[in-house]
Amino acid sequence: MNFQRPFAMLRKELLHISRDPRSLALALAMPVILLLLFSYALSLDVDRIPTYIIDHDKSSDSRSLIEQFKGSRYFSILGYPDTYDTAEYGIGRNECLLVVVIPKDFARDLAERRPQPVQLLLDGTDSNTASIARGYSESVVTSWTAQRLRVKIPVEARVRVWYNPTLESRNFIVPGLISVILMIISALLTSLTVAREWETGTLEQLLSTPLRTAEIIAGKLGAFFILGVADALIALTVGILVFHVPFRGSFIFLGVATAVFLMGAFSWGLLLSSIADTQLQAFQLGMLSSFLPAFLLSGFIYAIENMPPIIQVATYLFPSRYFIAILKATFLKGLGFAELWPQLLALVLYAVIVSVLAMRRMRSKVA
Amino acid sequence: MISLRGLTRRFGDLVAVDHLSLDIAEGEIFGLVGPDGAGKTTTLRMIAGLVDPTEGEAVVAGFNAKTQTVQVRDRIGYMAQRFGLYGDLTVKENMRFYSDLFGMSAADRDALSPKLLDMTRMAPFVDRPAAKLSGGMKQKLALMCTLLHKPQVLLLDEPTNGVDPVSRRDFWVILHQLVADGLTLLLSTAYMDEAERCNRVGLMHQGRLLQCDTPQALRQSLASDCYAVETAHPRVERERLSKLPQVLSARPAGSALHVFLKPGTQPETVWNTSEQPVERIVPSLEDIFVATVERG
């Protein structure tokens, strides 16, 4: 391979990018837009749970329990309906997620040390939020009872959350999101490029020159790599400076991992591009094969350990899985090469295998 | 310089090129003439190593186009039928890109580019994006890009398709200059007047080479038998002629019919020459082509 030809390809690709300011702006603005959208919209934190409380007892005890709910930042008390029907209607109309029902004679029975249960009605439509709301409300009731009866709970669990002590979902969403963004951008940008040359007829002209297919690939990879690194830097900066996600690891290690991941993602895009006959086809293939796995099969939001075994096996095929593990561990745990080399190795293997496949698939003939 | 031996390409059941054999000498201008779908483009692509032949071989400057593709591509300039340059790049940038692909040094490029720009009169447009050039200028740019590495063989696929007549004439002036400098030129065209400018012409139809000779020889091979007849009702006349056994073919040309008769036929047996003006003519390549095709 000589260097003049791939370098000429790279120069030409950069000229294309610079001549198309709208696409360039899109490619550079996309990480910021996606980060803003996702980290605000995709918050999995549950607080200010809309709640109705039905107090059938109206005693000082029931009022004290209500105060306990009112004092917690996890609940927002919307009203105190008198009847069950009103509360039920409230859940049905999405006015509230939780209804606390304090039974009649609650205080009297409590004084006689045979407490009645407090009923918690939950809207289970969103099971994730419902189970978190359940946990919060149960613990409010338990701790209030313990206090009221002056009993000590025999064995108490003392919880300490490591790495993300406030359990803010943003802290794990943003690192994962960087991987999703890079995967989408790289696969989409590159998947179009060869298909476009095929459609406009320039590829036939290119192939009639001494240009080797490996040099076409190298030139195109180089140009998109520059764009991908710019995107990665933007995403990292926004994540750390705007969202204050803690970064505890090594920038150098993350930089190396990002570079390897980008090469793999670009090669995947080029491979699709050489398979597809039109830009539209390439776009659809790129979207389907980059966005979905990066989002669903990567451990970005849904823990891989909870997936059925067959899906778990499938996740090993997509590079996002490894890159997200690296991102989360370098951001939050401060791990580096010593612990994360298996993931890095997987990314290297992926990049090598897919780029070789792309070079072999790349046509050197018109028909 | 170019040697084709039984060159054949099939696409499924379709035989695009059917056992084509041909030798083109150095410095020759050879024109492949035929209607759309005759197999001209596939032939050129096989010579450029862009399509592999199903059978037979194409040898260019001593190298096999299928197995020694790289050596062949170093020695040819290929201009596809569709404009294959980058519309968002300027004339200069396109030329720079192609000169890099052919491994030219900056010095060589700077020495040759002005000459090419001068010859094609494109110098005023070097900074214009290729997409904003006229059809004729696009073709000239494409030609320059294929000439940058000083190829020995130039393959042009319908180079003047969609180009206005004045630009076509310009284009041919350039081509004749190049051949004078020792280039071998193989082009395909659907225009008969263009074929007349070639040293030799191959008539292609349905993948086969029907005839191959100089334009003069092709004309003379049938010259003795071609007549032009003026008629007020060309369609009726053509119908009548096609039923006569001594008529080979008849085709409308302007207000007249060009009619080929079997050798030795007296025109008086076909027309009442005292009433109808019949003139013996030297047929055009188009006449020959139609006659050849109609005879099978």
# chains A, B, ... in the order shown; residues from 1 in each chain; ligands from 1

call {"tool": "interface_residues", "arguments": {"of": "chain B", "to": "chain A", "cutoff": "8 Å", "atoms": "only C-alpha atoms", "output": "list in words"}}
result
Ala48, Gly49, Leu50, Val51, Asp52, Val70, Arg73, Asp74, Gly77, Tyr78, Met79, Ala80, Arg82, Phe83, Gly84, Leu85, Tyr86, Asp88, Leu89, Phe97, Asp100, Leu101, Phe102 and Gly103 of chain B

call {"tool": "residues_around", "arguments": {"residues": "Ile29 (chain B)", "least_positions_apart": "2", "cutoff": "10 Å", "atoms": "only C-alpha atoms", "output": "ChimeraX atom specification"}}
result
/B:24-27,31,154,175-176,179,183-187,195,197-201

call {"tool": "residues_around", "arguments": {"residues": "Asp23 (chain B)", "least_positions_apart": "3", "cutoff": "12 Å", "atoms": "only C-alpha atoms", "output": "list in words"}}
result
Met1, Ile2, Ser3, Leu4, Arg5, Gly6, Leu7, Leu20, Glu26, Glu28, Ile29, Phe30, Ala58, Val59, Val60, Ala61, Thr184, Leu186, Arg200, Val201, Gly202, Cys212 and Asp213 of chain B

call {"tool": "write_last_selection", "arguments": {"atoms": "N, CA and C atoms", "output": "JSON list (two decimals), in the first residue's frame"}}
result
[["chain", "number", "residue", "atom", "x", "y", "z"],
["B", 1, "MET", "N", -2.12, -3.11, -29.57],
["B", 1, "MET", "CA", -2.22, -2.51, -28.25],
["B", 1, "MET", "C", -3.35, -3.13, -27.44],
["B", 2, "ILE", "N", -4.47, -3.33, -28.10],
["B", 2, "ILE", "CA", -5.59, -4.02, -27.47],
["B", 2, "ILE", "C", -5.91, -5.25, -28.31],
["B", 3, "SER", "N", -6.03, -6.37, -27.62],
["B", 3, "SER", "CA", -6.30, -7.61, -28.33],
["B", 3, "SER", "C", -7.41, -8.37, -27.62],
["B", 4, "LEU", "N", -8.51, -8.60, -28.31],
["B", 4, "LEU", "CA", -9.64, -9.32, -27.72],
["B", 4, "LEU", "C", -9.77, -10.67, -28.40],
["B", 5, "ARG", "N", -9.86, -11.72, -27.57],
["B", 5, "ARG", "CA", -9.94, -13.09, -28.12],
["B", 5, "ARG", "C", -11.19, -13.77, -27.59],
["B", 6, "GLY", "N", -12.18, -13.89, -28.44],
["B", 6, "GLY", "CA", -13.40, -14.62, -28.06],
["B", 6, "GLY", "C", -14.05, -14.07, -26.80],
["B", 7, "LEU", "N", -13.93, -12.76, -26.62],
["B", 7, "LEU", "CA", -14.41, -12.13, -25.39],
["B", 7, "LEU", "C", -15.94, -12.28, -25.28],
["B", 20, "LEU", "N", -16.31, -11.90, -28.98],
["B", 20, "LEU", "CA", -15.79, -10.76, -29.69],
["B", 20, "LEU", "C", -14.28, -10.93, -29.86],
["B", 26, "GLU", "N", -1.51, 0.24, -32.12],
["B", 26, "GLU", "CA", -1.10, 1.45, -31.43],
["B", 26, "GLU", "C", -1.38, 2.66, -32.31],
["B", 28, "GLU", "N", -4.20, 3.94, -33.08],
["B", 28, "GLU", "CA", -5.42, 3.84, -33.87],
["B", 28, "GLU", "C", -6.59, 4.50, -33.13],
["B", 29, "ILE", "N", -7.55, 5.02, -33.89],
["B", 29, "ILE", "CA", -8.82, 5.44, -33.29],
["B", 29, "ILE", "C", -9.84, 4.42, -33.74],
["B", 30, "PHE", "N", -10.34, 3.66, -32.78],
["B", 30, "PHE", "CA", -11.28, 2.61, -33.13],
["B", 30, "PHE", "C", -12.63, 2.96, -32.53],
["B", 58, "ALA", "N", -9.18, -10.34, -22.70],
["B", 58, "ALA", "CA", -8.83, -9.03, -23.23],
["B", 58, "ALA", "C", -7.41, -8.73, -22.79],
["B", 59, "VAL", "N", -6.54, -8.43, -23.74],
["B", 59, "VAL", "CA", -5.15, -8.12, -23.42],
["B", 59, "VAL", "C", -4.87, -6.68, -23.82],
["B", 60, "VAL", "N", -4.40, -5.90, -22.85],
["B", 60, "VAL", "CA", -4.13, -4.49, -23.10],
["B", 60, "VAL", "C", -2.65, -4.22, -22.83],
["B", 61, "ALA", "N", -1.94, -3.71, -23.83],
["B", 61, "ALA", "CA", -0.51, -3.41, -23.72],
["B", 61, "ALA", "C", 0.25, -4.60, -23.15],
["B", 184, "THR", "N", -3.51, 5.41, -28.07],
["B", 184, "THR", "CA", -4.45, 4.53, -28.76],
["B", 184, "THR", "C", -5.83, 4.80, -28.18],
["B", 186, "LEU", "N", -9.94, 3.89, -28.01],
["B", 186, "LEU", "CA", -11.09, 3.03, -28.30],
["B", 186, "LEU", "C", -12.31, 3.71, -27.70],
["B", 200, "ARG", "N", -10.93, 3.05, -37.77],
["B", 200, "ARG", "CA", -11.67, 1.82, -38.07],
["B", 200, "ARG", "C", -12.92, 1.78, -37.21],
["B", 201, "VAL", "N", -13.91, 1.09, -37.73],
["B", 201, "VAL", "CA", -15.20, 1.03, -37.05],
["B", 201, "VAL", "C", -15.63, -0.42, -36.92],
["B", 202, "GLY", "N", -16.14, -0.75, -35.74],
["B", 202, "GLY", "CA", -16.74, -2.09, -35.55],
["B", 202, "GLY", "C", -18.22, -1.91, -35.33],
["B", 212, "CYS", "N", -16.23, -5.07, -39.39],
["B", 212, "CYS", "CA", -15.17, -4.28, -38.80],
["B", 212, "CYS", "C", -14.20, -3.88, -39.91],
["B", 213, "ASP", "N", -14.13, -2.56, -40.19],
["B", 213, "ASP", "CA", -13.24, -2.09, -41.26],
["B", 213, "ASP", "C", -13.13, -0.58, -41.18]]

call {"tool": "residues_around", "arguments": {"residues": "region 283-289 of chain A", "least_positions_apart": "3", "cutoff": "6 Å", "atoms": "only C-alpha atoms", "output": "ChimeraX atom specification"}}
result
/A:187-188,280,292

call {"tool": "write_last_selection", "arguments": {"atoms": "all heavy atoms", "output": "PDB file, in the first residue's frame"}}
result
ATOM      1  N   ALA A 187     -21.919   4.591  12.361  1.00  0.00           N
ATOM      2  CA  ALA A 187     -22.501   3.620  11.432  1.00  0.00           C
ATOM      3  C   ALA A 187     -23.301   4.334  10.344  1.00  0.00           C
ATOM      4  O   ALA A 187     -23.253   3.957   9.178  1.00  0.00           O
ATOM      5  CB  ALA A 187     -23.376   2.623  12.182  1.00  0.00           C
ATOM      6  N   LEU A 188     -24.015   5.397  10.732  1.00  0.00           N
ATOM      7  CA  LEU A 188     -24.833   6.095   9.740  1.00  0.00           C
ATOM      8  C   LEU A 188     -23.974   6.846   8.729  1.00  0.00           C
ATOM      9  O   LEU A 188     -24.187   6.760   7.528  1.00  0.00           O
ATOM     10  CB  LEU A 188     -25.785   7.071  10.426  1.00  0.00           C
ATOM     11  CG  LEU A 188     -27.006   6.425  11.050  1.00  0.00           C
ATOM     12  CD1 LEU A 188     -27.990   7.479  11.476  1.00  0.00           C
ATOM     13  CD2 LEU A 188     -27.656   5.458  10.066  1.00  0.00           C
ATOM     14  N   LEU A 280     -30.436   4.520   0.463  1.00  0.00           N
ATOM     15  CA  LEU A 280     -31.579   4.281   1.350  1.00  0.00           C
ATOM     16  C   LEU A 280     -31.420   2.961   2.083  1.00  0.00           C
ATOM     17  O   LEU A 280     -31.575   2.872   3.296  1.00  0.00           O
ATOM     18  CB  LEU A 280     -32.879   4.297   0.531  1.00  0.00           C
ATOM     19  CG  LEU A 280     -34.146   4.106   1.359  1.00  0.00           C
ATOM     20  CD1 LEU A 280     -34.349   5.291   2.288  1.00  0.00           C
ATOM     21  CD2 LEU A 280     -35.357   3.937   0.464  1.00  0.00           C
ATOM     22  N   LEU A 292     -30.384  -0.190  17.445  1.00  0.00           N
ATOM     23  CA  LEU A 292     -31.065  -1.141  18.320  1.00  0.00           C
ATOM     24  C   LEU A 292     -30.099  -1.894  19.238  1.00  0.00           C
ATOM     25  O   LEU A 292     -30.286  -1.878  20.444  1.00  0.00           O
ATOM     26  CB  LEU A 292     -31.923  -2.108  17.489  1.00  0.00           C
ATOM     27  CG  LEU A 292     -33.141  -1.455  16.844  1.00  0.00           C
ATOM     28  CD1 LEU A 292     -33.971  -2.468  16.092  1.00  0.00           C
ATOM     29  CD2 LEU A 292     -33.987  -0.754  17.900  1.00  0.00           C
TER      30      LEU A 292
END

call {"tool": "residues_around", "arguments": {"residues": "Ala294 (chain A)", "least_positions_apart": "4", "cutoff": "6 Å", "atoms": "only C-alpha atoms", "output": "list in words"}}
result
Val180, Ser290, Ser298 and Ser320 of chain A

call {"tool": "write_last_selection", "arguments": {"atoms": "N, CA and C atoms", "output": "mmCIF file, in the first residue's frame"}}
result
data_model
loop_
_atom_site.group_PDB
_atom_site.id
_atom_site.type_symbol
_atom_site.label_atom_id
_atom_site.label_comp_id
_atom_site.auth_asym_id
_atom_site.auth_seq_id
_atom_site.Cartn_x
_atom_site.Cartn_y
_atom_site.Cartn_z
ATOM 1 N N VAL A 180 -23.719 4.978 22.704
ATOM 2 C CA VAL A 180 -24.842 4.910 21.762
ATOM 3 C C VAL A 180 -24.673 5.967 20.669
ATOM 4 N N SER A 290 -27.203 -0.623 14.169
ATOM 5 C CA SER A 290 -26.384 0.114 15.123
ATOM 6 C C SER A 290 -27.213 0.607 16.290
ATOM 7 N N SER A 298 -26.813 -3.682 24.957
ATOM 8 C CA SER A 298 -25.476 -3.249 25.345
ATOM 9 C C SER A 298 -25.313 -3.099 26.845
ATOM 10 N N SER A 320 -20.882 -2.465 21.407
ATOM 11 C CA SER A 320 -21.379 -1.515 22.406
ATOM 12 C C SER A 320 -21.301 -2.102 23.807
#

call {"tool": "residues_around", "arguments": {"residues": "Pro50 (chain A)", "least_positions_apart": "5", "cutoff": "6 Å", "atoms": "only C-alpha atoms", "output": "VMD selection string"}}
result
chain A and resid 76 96 to 97

call {"tool": "residues_around", "arguments": {"residues": "Thr42 (chain B)", "least_positions_apart": "5", "cutoff": "8 Å", "atoms": "only C-alpha atoms", "output": "ChimeraX atom specification"}}
result
/B:9,16-17,51

call {"tool": "write_last_selection", "arguments": {"atoms": "N, CA, C and O atoms", "output": "compact mmCIF listing (two decimals), in the first residue's frame"}}
result
# COMPACT_ATOMS: atom_id res chain seq x y z
N ARG B 9 -19.34 -12.19 -22.36
CA ARG B 9 -19.85 -11.96 -21.01
C ARG B 9 -21.34 -12.25 -20.99
O ARG B 9 -22.10 -11.72 -21.80
N ALA B 16 -24.37 -10.50 -23.16
CA ALA B 16 -24.14 -9.08 -23.42
C ALA B 16 -23.09 -8.90 -24.51
O ALA B 16 -23.21 -8.04 -25.37
N VAL B 17 -22.05 -9.73 -24.43
CA VAL B 17 -20.99 -9.69 -25.44
C VAL B 17 -20.74 -11.13 -25.86
O VAL B 17 -20.58 -12.01 -25.03
N VAL B 51 -15.13 -5.45 -15.39
CA VAL B 51 -16.03 -6.59 -15.48
C VAL B 51 -15.18 -7.76 -15.97
O VAL B 51 -14.38 -7.60 -16.88

call {"tool": "select_by_dssp", "arguments": {"residues": "region 146-193 of chain B", "states": "strand (DSSP E)", "output": "ChimeraX atom specification"}}
result
/B:153-157,184-189

call {"tool": "atom_distance", "arguments": {"atom1": "CA of Thr193 (chain A)", "atom2": "CA of Ala27 (chain A)"}}
result
14.1 Å

call {"tool": "closest_residue", "arguments": {"among": "A:Leu182, A:Ala25, A:Leu42, A:Ile132", "to": "Phe75 (chain A)", "atoms": "only C-alpha atoms"}}
result
A:Ile132

call {"tool": "closest_residue", "arguments": {"among": "A:Ala276, A:Leu34, A:Leu14, A:Ile153", "to": "Ala235 (chain A)", "atoms": "only C-alpha atoms"}}
result
A:Leu34

call {"tool": "closest_residue", "arguments": {"among": "A:Val159, A:Ala351, A:Leu35, A:Leu254", "to": "Ile181 (chain A)", "atoms": "only C-alpha atoms"}}
result
A:Leu35

call {"tool": "atom_distance", "arguments": {"atom1": "CA of Leu36 (chain A)", "atom2": "CA of Phe318 (chain A)"}}
result
25.0 Å

call {"tool": "closest_residue", "arguments": {"among": "A:Leu349, A:Val194, A:Leu24, A:Ala338", "to": "Ala230 (chain A)", "atoms": "only C-alpha atoms"}}
result
A:Leu24

call {"tool": "closest_residue", "arguments": {"among": "A:Arg321, A:Thr278, A:Gln119, A:Val356", "to": "Arg196 (chain A)", "atoms": "only C-alpha atoms"}}
result
A:Thr278

call {"tool": "atom_distance", "arguments": {"atom1": "CA of Leu149 (chain A)", "atom2": "CA of Leu98 (chain A)"}}
result
25.3 Å
